[in-house]
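Here is run.txt, consisting of compact mmCIF, N, CA and C atoms:
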# COMPACT_ATOMS: atom_id res chain seq x y z
N LEU A 1 115.91 90.10 63.95
CA LEU A 1 114.95 91.15 64.19
C LEU A 1 113.56 90.53 64.32
N LYS A 2 112.91 90.80 65.42
CA LYS A 2 111.56 90.27 65.62
C LYS A 2 110.56 91.26 65.09
N ARG A 3 109.61 90.75 64.39
CA ARG A 3 108.57 91.61 63.82
C ARG A 3 107.31 91.44 64.67
N PHE A 4 107.08 92.44 65.51
CA PHE A 4 105.97 92.35 66.45
C PHE A 4 104.63 92.41 65.76
N TRP A 5 104.55 92.95 64.54
CA TRP A 5 103.26 93.06 63.88
C TRP A 5 102.76 91.73 63.37
N LEU A 6 103.66 90.69 63.34
CA LEU A 6 103.21 89.37 62.94
C LEU A 6 102.48 88.65 64.08
N LYS A 7 102.86 88.99 65.31
CA LYS A 7 102.20 88.41 66.49
C LYS A 7 101.78 89.55 67.41
N PRO A 8 100.67 90.19 67.16
CA PRO A 8 100.30 91.34 67.99
C PRO A 8 99.97 90.96 69.44
N TRP A 9 99.67 89.72 69.71
CA TRP A 9 99.35 89.30 71.06
C TRP A 9 100.59 89.00 71.89
N ALA A 10 101.79 88.99 71.28
CA ALA A 10 102.99 88.58 71.98
C ALA A 10 103.67 89.72 72.74
N HIS A 11 103.08 90.89 72.78
CA HIS A 11 103.68 92.00 73.53
C HIS A 11 103.44 91.80 75.01
N LYS A 12 104.27 92.41 75.80
CA LYS A 12 104.14 92.28 77.25
C LYS A 12 102.82 92.90 77.71
N GLY A 13 102.03 92.12 78.44
CA GLY A 13 100.76 92.62 78.96
C GLY A 13 99.58 92.39 78.04
N CYS A 14 99.82 91.96 76.79
CA CYS A 14 98.72 91.74 75.86
C CYS A 14 98.20 90.32 76.02
N GLU A 15 97.02 90.09 75.53
CA GLU A 15 96.46 88.75 75.60
C GLU A 15 96.56 88.08 74.24
N SER A 16 96.73 86.79 74.25
CA SER A 16 96.85 86.04 73.01
C SER A 16 95.47 85.78 72.42
N TRP A 17 95.45 85.12 71.28
CA TRP A 17 94.18 84.82 70.63
C TRP A 17 93.35 83.86 71.45
N ALA A 18 93.99 83.09 72.36
CA ALA A 18 93.26 82.14 73.19
C ALA A 18 92.78 82.76 74.50
N GLY A 19 93.14 84.02 74.76
CA GLY A 19 92.70 84.68 75.98
C GLY A 19 93.64 84.49 77.15
N VAL A 20 94.82 83.88 76.94
CA VAL A 20 95.79 83.67 77.99
C VAL A 20 96.71 84.87 78.05
N ALA A 21 96.93 85.40 79.22
CA ALA A 21 97.80 86.57 79.35
C ALA A 21 99.24 86.16 79.10
N MET A 22 99.92 86.90 78.26
CA MET A 22 101.31 86.60 77.93
C MET A 22 102.22 87.61 78.58
N SER A 23 103.44 87.17 78.93
CA SER A 23 104.36 88.08 79.61
C SER A 23 105.56 88.46 78.77
N SER A 24 105.81 87.80 77.68
CA SER A 24 106.99 88.14 76.88
C SER A 24 106.74 87.80 75.42
N ALA A 25 107.70 88.16 74.59
CA ALA A 25 107.57 87.91 73.16
C ALA A 25 107.63 86.42 72.85
N GLU A 26 108.19 85.61 73.73
CA GLU A 26 108.24 84.17 73.49
C GLU A 26 106.90 83.51 73.72
N GLY A 27 105.98 84.19 74.37
CA GLY A 27 104.64 83.65 74.56
C GLY A 27 104.48 82.79 75.79
N ARG A 28 105.34 82.97 76.81
CA ARG A 28 105.18 82.20 78.05
C ARG A 28 104.04 82.81 78.86
N PRO A 29 103.18 81.98 79.45
CA PRO A 29 102.10 82.54 80.28
C PRO A 29 102.66 83.17 81.54
N ARG A 30 101.97 84.20 82.04
CA ARG A 30 102.35 84.87 83.29
C ARG A 30 102.15 83.94 84.47
N PRO A 31 103.01 84.05 85.48
CA PRO A 31 102.76 83.24 86.68
C PRO A 31 101.55 83.77 87.44
N GLU A 32 100.92 82.89 88.20
CA GLU A 32 99.76 83.28 89.00
C GLU A 32 100.20 84.25 90.09
N PRO A 33 99.35 85.21 90.47
CA PRO A 33 99.72 86.12 91.56
C PRO A 33 99.82 85.36 92.87
N MET A 34 100.76 85.79 93.72
CA MET A 34 100.97 85.13 95.00
C MET A 34 99.88 85.53 95.98
N LYS A 35 99.52 84.60 96.83
CA LYS A 35 98.53 84.85 97.87
C LYS A 35 99.24 84.95 99.21
N PHE A 36 98.51 85.40 100.22
CA PHE A 36 99.08 85.62 101.54
C PHE A 36 99.67 84.35 102.12
N ASP A 37 99.01 83.21 101.93
CA ASP A 37 99.47 81.96 102.53
C ASP A 37 100.60 81.30 101.75
N ASP A 38 101.00 81.84 100.59
CA ASP A 38 102.11 81.26 99.86
C ASP A 38 103.42 81.42 100.61
N PHE A 39 103.49 82.38 101.54
CA PHE A 39 104.70 82.62 102.29
C PHE A 39 104.78 81.77 103.55
N ASP A 40 103.73 81.09 103.89
CA ASP A 40 103.69 80.26 105.09
C ASP A 40 104.01 78.83 104.69
N GLU A 41 105.21 78.36 105.02
CA GLU A 41 105.67 77.07 104.53
C GLU A 41 104.99 75.88 105.19
N ASP A 42 104.65 76.00 106.46
CA ASP A 42 104.12 74.85 107.17
C ASP A 42 102.60 74.80 107.17
N ASP A 43 101.93 75.61 106.36
CA ASP A 43 100.48 75.56 106.26
C ASP A 43 100.12 74.62 105.12
N GLY A 44 99.37 73.61 105.40
CA GLY A 44 99.08 72.59 104.41
C GLY A 44 98.12 73.00 103.32
N GLU A 45 97.26 73.98 103.55
CA GLU A 45 96.24 74.31 102.57
C GLU A 45 96.78 75.20 101.47
N GLY A 46 97.32 76.35 101.79
CA GLY A 46 97.86 77.28 100.80
C GLY A 46 96.78 77.75 99.85
N GLY A 47 96.56 79.00 99.77
CA GLY A 47 95.58 79.53 98.84
C GLY A 47 94.35 80.13 99.51
N VAL A 48 94.30 80.15 100.82
CA VAL A 48 93.18 80.75 101.52
C VAL A 48 93.41 82.26 101.53
N ASP A 49 92.48 83.01 100.99
CA ASP A 49 92.62 84.45 100.97
C ASP A 49 92.31 85.01 102.35
N VAL A 50 93.09 86.01 102.75
CA VAL A 50 92.93 86.65 104.05
C VAL A 50 92.60 88.11 103.83
N CYS A 51 91.60 88.61 104.51
CA CYS A 51 91.23 90.01 104.42
C CYS A 51 92.15 90.81 105.33
N ILE A 52 93.06 91.58 104.73
CA ILE A 52 94.04 92.33 105.51
C ILE A 52 93.36 93.38 106.38
N LEU A 53 92.30 94.02 105.88
CA LEU A 53 91.59 95.01 106.70
C LEU A 53 90.91 94.36 107.90
N GLY A 54 90.40 93.15 107.72
CA GLY A 54 89.81 92.43 108.85
C GLY A 54 90.84 92.06 109.89
N VAL A 55 92.01 91.65 109.43
CA VAL A 55 93.10 91.31 110.35
C VAL A 55 93.55 92.57 111.10
N ALA A 56 93.65 93.69 110.38
CA ALA A 56 94.05 94.95 111.02
C ALA A 56 93.01 95.41 112.02
N ALA A 57 91.73 95.24 111.71
CA ALA A 57 90.66 95.64 112.63
C ALA A 57 90.68 94.78 113.90
N ALA A 58 90.87 93.47 113.75
CA ALA A 58 90.95 92.60 114.93
C ALA A 58 92.17 92.96 115.77
N SER A 59 93.28 93.24 115.11
CA SER A 59 94.49 93.62 115.83
C SER A 59 94.31 94.95 116.57
N ALA A 60 93.71 95.94 115.91
CA ALA A 60 93.50 97.24 116.56
C ALA A 60 92.54 97.12 117.74
N PHE A 61 91.50 96.30 117.59
CA PHE A 61 90.54 96.13 118.69
C PHE A 61 91.21 95.55 119.93
N PHE A 62 91.94 94.45 119.74
CA PHE A 62 92.56 93.81 120.89
C PHE A 62 93.74 94.61 121.43
N ALA A 63 94.45 95.35 120.55
CA ALA A 63 95.51 96.23 121.03
C ALA A 63 94.92 97.34 121.89
N GLY A 64 93.76 97.85 121.51
CA GLY A 64 93.09 98.88 122.31
C GLY A 64 92.64 98.36 123.66
N ILE A 65 92.06 97.16 123.67
CA ILE A 65 91.58 96.59 124.93
C ILE A 65 92.75 96.28 125.87
N PHE A 66 93.76 95.56 125.37
CA PHE A 66 94.89 95.18 126.23
C PHE A 66 95.71 96.41 126.62
N GLY A 67 95.85 97.36 125.69
CA GLY A 67 96.58 98.58 126.01
C GLY A 67 95.86 99.43 127.04
N ALA A 68 94.54 99.45 126.97
CA ALA A 68 93.76 100.21 127.97
C ALA A 68 93.91 99.60 129.36
N VAL A 69 93.95 98.27 129.44
CA VAL A 69 94.17 97.62 130.74
C VAL A 69 95.55 97.99 131.28
N GLY A 70 96.57 97.96 130.41
CA GLY A 70 97.91 98.36 130.84
C GLY A 70 97.97 99.81 131.24
N MET A 71 97.23 100.66 130.54
CA MET A 71 97.21 102.08 130.87
C MET A 71 96.53 102.31 132.22
N LEU A 72 95.46 101.58 132.51
CA LEU A 72 94.78 101.72 133.80
C LEU A 72 95.65 101.22 134.95
N LEU A 73 96.48 100.21 134.68
CA LEU A 73 97.32 99.65 135.74
C LEU A 73 98.55 100.52 136.04
N ALA A 74 99.17 101.10 134.99
CA ALA A 74 100.44 101.78 135.21
C ALA A 74 100.49 103.20 134.68
N GLY A 75 99.44 103.68 134.04
CA GLY A 75 99.44 105.05 133.54
C GLY A 75 99.65 105.11 132.03
N PRO A 76 99.38 106.30 131.47
CA PRO A 76 99.52 106.43 130.02
C PRO A 76 100.98 106.39 129.56
N GLN A 77 101.18 105.82 128.40
CA GLN A 77 102.50 105.67 127.77
C GLN A 77 103.49 104.94 128.67
N SER A 78 103.00 104.00 129.45
CA SER A 78 103.86 103.21 130.33
C SER A 78 104.28 101.92 129.61
N PHE A 79 105.22 101.22 130.22
CA PHE A 79 105.65 99.95 129.65
C PHE A 79 104.51 98.94 129.63
N ALA A 80 103.65 98.96 130.63
CA ALA A 80 102.52 98.03 130.67
C ALA A 80 101.56 98.29 129.52
N GLN A 81 101.34 99.55 129.16
CA GLN A 81 100.48 99.86 128.02
C GLN A 81 101.09 99.35 126.72
N VAL A 82 102.38 99.60 126.53
CA VAL A 82 103.04 99.17 125.30
C VAL A 82 103.06 97.65 125.21
N LEU A 83 103.34 96.98 126.31
CA LEU A 83 103.33 95.52 126.32
C LEU A 83 101.93 94.97 126.05
N GLY A 84 100.92 95.58 126.66
CA GLY A 84 99.54 95.15 126.41
C GLY A 84 99.14 95.35 124.96
N GLN A 85 99.55 96.47 124.38
CA GLN A 85 99.24 96.71 122.97
C GLN A 85 99.92 95.68 122.08
N ALA A 86 101.17 95.38 122.35
CA ALA A 86 101.90 94.43 121.51
C ALA A 86 101.30 93.04 121.60
N VAL A 87 101.00 92.60 122.82
CA VAL A 87 100.43 91.26 123.00
C VAL A 87 99.01 91.20 122.42
N GLY A 88 98.18 92.19 122.74
CA GLY A 88 96.82 92.20 122.22
C GLY A 88 96.77 92.35 120.72
N GLY A 89 97.59 93.23 120.16
CA GLY A 89 97.61 93.41 118.72
C GLY A 89 98.13 92.20 117.99
N GLY A 90 99.14 91.55 118.55
CA GLY A 90 99.69 90.34 117.92
C GLY A 90 98.71 89.19 117.93
N PHE A 91 98.13 88.91 119.08
CA PHE A 91 97.17 87.80 119.15
C PHE A 91 95.88 88.12 118.40
N GLY A 92 95.48 89.39 118.39
CA GLY A 92 94.31 89.78 117.61
C GLY A 92 94.52 89.59 116.12
N ALA A 93 95.71 89.95 115.63
CA ALA A 93 96.02 89.77 114.22
C ALA A 93 96.12 88.29 113.86
N TYR A 94 96.71 87.50 114.74
CA TYR A 94 96.81 86.06 114.47
C TYR A 94 95.42 85.42 114.43
N THR A 95 94.57 85.83 115.35
CA THR A 95 93.20 85.31 115.36
C THR A 95 92.44 85.74 114.12
N GLY A 96 92.59 87.00 113.73
CA GLY A 96 91.92 87.50 112.54
C GLY A 96 92.40 86.82 111.26
N ALA A 97 93.68 86.46 111.22
CA ALA A 97 94.21 85.80 110.03
C ALA A 97 93.77 84.36 109.92
N ASN A 98 93.45 83.72 111.03
CA ASN A 98 93.11 82.30 111.01
C ASN A 98 91.65 82.00 111.25
N MET A 99 90.80 82.99 111.41
CA MET A 99 89.44 82.69 111.87
C MET A 99 88.54 82.07 110.81
N HIS A 100 88.80 82.26 109.54
CA HIS A 100 87.90 81.73 108.52
C HIS A 100 88.44 80.51 107.80
N LYS A 101 89.41 79.84 108.37
CA LYS A 101 89.95 78.63 107.75
C LYS A 101 89.10 77.44 108.15
N GLU A 102 88.96 76.52 107.23
CA GLU A 102 88.19 75.30 107.51
C GLU A 102 88.90 74.45 108.57
N VAL A 103 90.19 74.23 108.37
CA VAL A 103 90.98 73.44 109.30
C VAL A 103 91.91 74.39 110.03
N GLN A 104 91.78 74.45 111.35
CA GLN A 104 92.63 75.33 112.14
C GLN A 104 94.00 74.68 112.31
N HIS A 105 95.04 75.46 112.03
CA HIS A 105 96.40 74.96 112.10
C HIS A 105 97.26 76.00 112.80
N PHE A 106 97.90 75.61 113.89
CA PHE A 106 98.75 76.54 114.64
C PHE A 106 100.12 76.60 114.00
N SER A 107 100.58 77.80 113.71
CA SER A 107 101.89 78.01 113.11
C SER A 107 102.70 78.94 114.02
N MET A 108 103.71 78.38 114.67
CA MET A 108 104.54 79.17 115.57
C MET A 108 105.34 80.22 114.79
N LYS A 109 105.74 79.90 113.59
CA LYS A 109 106.50 80.83 112.77
C LYS A 109 105.66 82.07 112.44
N ARG A 110 104.42 81.85 112.03
CA ARG A 110 103.53 82.96 111.70
C ARG A 110 103.23 83.80 112.94
N LEU A 111 102.98 83.16 114.07
CA LEU A 111 102.70 83.88 115.31
C LEU A 111 103.89 84.74 115.72
N CYS A 112 105.10 84.22 115.60
CA CYS A 112 106.28 85.00 115.97
C CYS A 112 106.45 86.21 115.06
N TRP A 113 106.23 86.06 113.76
CA TRP A 113 106.33 87.20 112.84
C TRP A 113 105.30 88.26 113.16
N ILE A 114 104.09 87.84 113.45
CA ILE A 114 103.03 88.80 113.77
C ILE A 114 103.32 89.51 115.08
N LEU A 115 103.77 88.77 116.09
CA LEU A 115 104.11 89.39 117.37
C LEU A 115 105.28 90.36 117.25
N CYS A 116 106.27 90.03 116.43
CA CYS A 116 107.40 90.95 116.21
C CYS A 116 106.92 92.23 115.52
N GLY A 117 106.04 92.10 114.54
CA GLY A 117 105.49 93.28 113.88
C GLY A 117 104.66 94.14 114.81
N ALA A 118 103.86 93.49 115.65
CA ALA A 118 103.05 94.24 116.62
C ALA A 118 103.93 94.93 117.65
N ALA A 119 105.01 94.28 118.06
CA ALA A 119 105.93 94.91 119.01
C ALA A 119 106.61 96.12 118.38
N GLY A 120 106.96 96.00 117.10
CA GLY A 120 107.56 97.14 116.41
C GLY A 120 106.59 98.30 116.28
N GLY A 121 105.34 98.00 115.96
CA GLY A 121 104.32 99.05 115.89
C GLY A 121 104.06 99.69 117.25
N SER A 122 104.08 98.89 118.30
CA SER A 122 103.88 99.43 119.65
C SER A 122 105.03 100.34 120.07
N LEU A 123 106.25 99.94 119.74
CA LEU A 123 107.40 100.78 120.05
C LEU A 123 107.36 102.08 119.25
N ALA A 124 106.92 102.00 118.00
CA ALA A 124 106.78 103.22 117.20
C ALA A 124 105.72 104.14 117.78
N SER A 125 104.64 103.57 118.28
CA SER A 125 103.59 104.41 118.88
C SER A 125 104.07 105.01 120.20
N TRP A 126 104.90 104.29 120.93
CA TRP A 126 105.43 104.81 122.19
C TRP A 126 106.33 106.02 121.94
N ILE A 127 107.08 105.96 120.82
CA ILE A 127 107.99 107.06 120.48
C ILE A 127 107.23 108.23 119.83
N ALA A 128 106.30 107.93 118.94
CA ALA A 128 105.69 108.96 118.10
C ALA A 128 104.49 109.66 118.70
N VAL A 129 103.73 109.00 119.55
CA VAL A 129 102.48 109.57 120.04
C VAL A 129 102.72 110.26 121.39
N PRO A 130 102.43 111.55 121.49
CA PRO A 130 102.61 112.24 122.78
C PRO A 130 101.54 111.82 123.79
N MET A 131 101.86 111.99 125.06
CA MET A 131 100.96 111.57 126.13
C MET A 131 99.65 112.34 126.16
N ASP A 132 99.70 113.62 125.85
CA ASP A 132 98.52 114.46 125.99
C ASP A 132 97.71 114.58 124.70
N MET A 133 97.98 113.76 123.72
CA MET A 133 97.25 113.82 122.46
C MET A 133 95.82 113.28 122.64
N ASP A 134 94.86 113.95 121.99
CA ASP A 134 93.49 113.43 122.01
C ASP A 134 93.45 112.13 121.23
N PHE A 135 92.70 111.18 121.72
CA PHE A 135 92.56 109.86 121.11
C PHE A 135 93.91 109.17 120.94
N ALA A 136 94.79 109.32 121.93
CA ALA A 136 96.12 108.70 121.86
C ALA A 136 96.02 107.18 121.86
N MET A 137 95.09 106.64 122.61
CA MET A 137 94.95 105.19 122.66
C MET A 137 94.54 104.63 121.31
N PHE A 138 93.66 105.36 120.62
CA PHE A 138 93.24 104.95 119.27
C PHE A 138 94.43 105.00 118.31
N GLY A 139 95.20 106.07 118.35
CA GLY A 139 96.37 106.19 117.48
C GLY A 139 97.40 105.13 117.74
N CYS A 140 97.63 104.82 119.02
CA CYS A 140 98.58 103.76 119.36
C CYS A 140 98.10 102.40 118.88
N SER A 141 96.80 102.15 118.99
CA SER A 141 96.25 100.87 118.53
C SER A 141 96.37 100.72 117.03
N VAL A 142 96.15 101.81 116.30
CA VAL A 142 96.26 101.75 114.83
C VAL A 142 97.70 101.51 114.42
N LEU A 143 98.66 102.15 115.07
CA LEU A 143 100.07 101.91 114.75
C LEU A 143 100.48 100.48 115.08
N THR A 144 99.97 99.95 116.17
CA THR A 144 100.27 98.56 116.53
C THR A 144 99.69 97.59 115.51
N SER A 145 98.45 97.83 115.07
CA SER A 145 97.84 96.92 114.09
C SER A 145 98.53 97.04 112.74
N THR A 146 99.02 98.23 112.39
CA THR A 146 99.75 98.38 111.15
C THR A 146 101.04 97.58 111.19
N GLY A 147 101.71 97.60 112.32
CA GLY A 147 102.91 96.78 112.46
C GLY A 147 102.61 95.30 112.42
N ALA A 148 101.48 94.91 112.97
CA ALA A 148 101.13 93.47 113.01
C ALA A 148 100.81 92.91 111.63
N VAL A 149 100.22 93.71 110.76
CA VAL A 149 99.87 93.20 109.44
C VAL A 149 100.94 93.48 108.38
N ALA A 150 101.96 94.22 108.73
CA ALA A 150 103.00 94.56 107.75
C ALA A 150 103.88 93.42 107.39

Translate this file's structure into structure tokens.
Amino acid sequence: LKRFWLKPWAHKGCESWAGVAMSSAEGRPRPEPMKFDDFDEDDGEGGVDVCILGVAAASAFFAGIFGAVGMLLAGPQSFAQVLGQAVGGGFGAYTGANMHKEVQHFSMKRLCWILCGAAGGSLASWIAVPMDMDFAMFGCSVLTSTGAVA
């Protein structure tokens, strides 16, 4: 029987007398929270924080620009618009994710994941957004950027 009143700092979520956060009654320190770049295996730096809202804004901006060009070429809710949104949103998100790094490093794996997410968001916008909706291009761009950062 463990007597928790002998070690009040050993409860889950409590801090010890030294100020170190403890995760269990055995007194093991909690692991550090994961950062965005911890999932990227081929990035040598690891630990660069990325502003997700900034990445989403860059993705939405470029998805809107490329999607508008596709819409002008082939009409609203056309394949050219969806393709332009996916390509613009994907490259915009990749640029936004890498723009504040000291050493620029191209990662094909990361680019493919972002492009797949942007393509999924573009397909969702093609299905969900009606042609005659007000601000349809804005809504499609936001759905594309959401897919790119997901």

Grab the atom N of Ile114 (chain A) to atom N of Thr95 (chain A) distance for me, in Å with one decimal place. 9.9 Å

Which residues are close to Cys140 (chain A), i.e. within 6.5 Å by all atoms listed in the file, leaving aside same-chain residues fewer than 5 positions away? Reply as a PyMOL selection string. chain A and resi 125+135+145

Can you pull out the residues contacting Cys51 (chain A)? Cut-off 9 Å, using only C-alpha atoms, and skip same-chain residues under 5 positions away; I want them as an MDAnalysis selection string. chainID A and resid 56 96:97

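The nearest approach to Ala118 (chain A) among the residues A:Val149, A:Val50, A:Met133, A:Met71, with all atoms listed in the file taken into account, belongs to A:Val149.
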
Counting only C-alpha atoms, find residues at most 7 Å from (105.7, 98.0, 112.6) (file frame) and give them as a list of chain:residue names. A:Gly117, A:Ala118, A:Gly120, A:Gly121, A:Thr144, A:Thr146, A:Gly147, A:Ala148, A:Ala150

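Pairwise distance (CA of Met137 (chain A), CA of Met99 (chain A)) equals 25.6 Å.
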
Long-range neighbours of Pro76 (chain A) as an MDAnalysis selection string, 10 Å cut-off, only C-alpha atoms, 5 positions minimum in chain: chainID A and resid 67:68 70:71 81:82 126 130:132 136:137

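Going from atom C of Val55 (chain A) to atom C of Leu72 (chain A) covers 25.5 Å.
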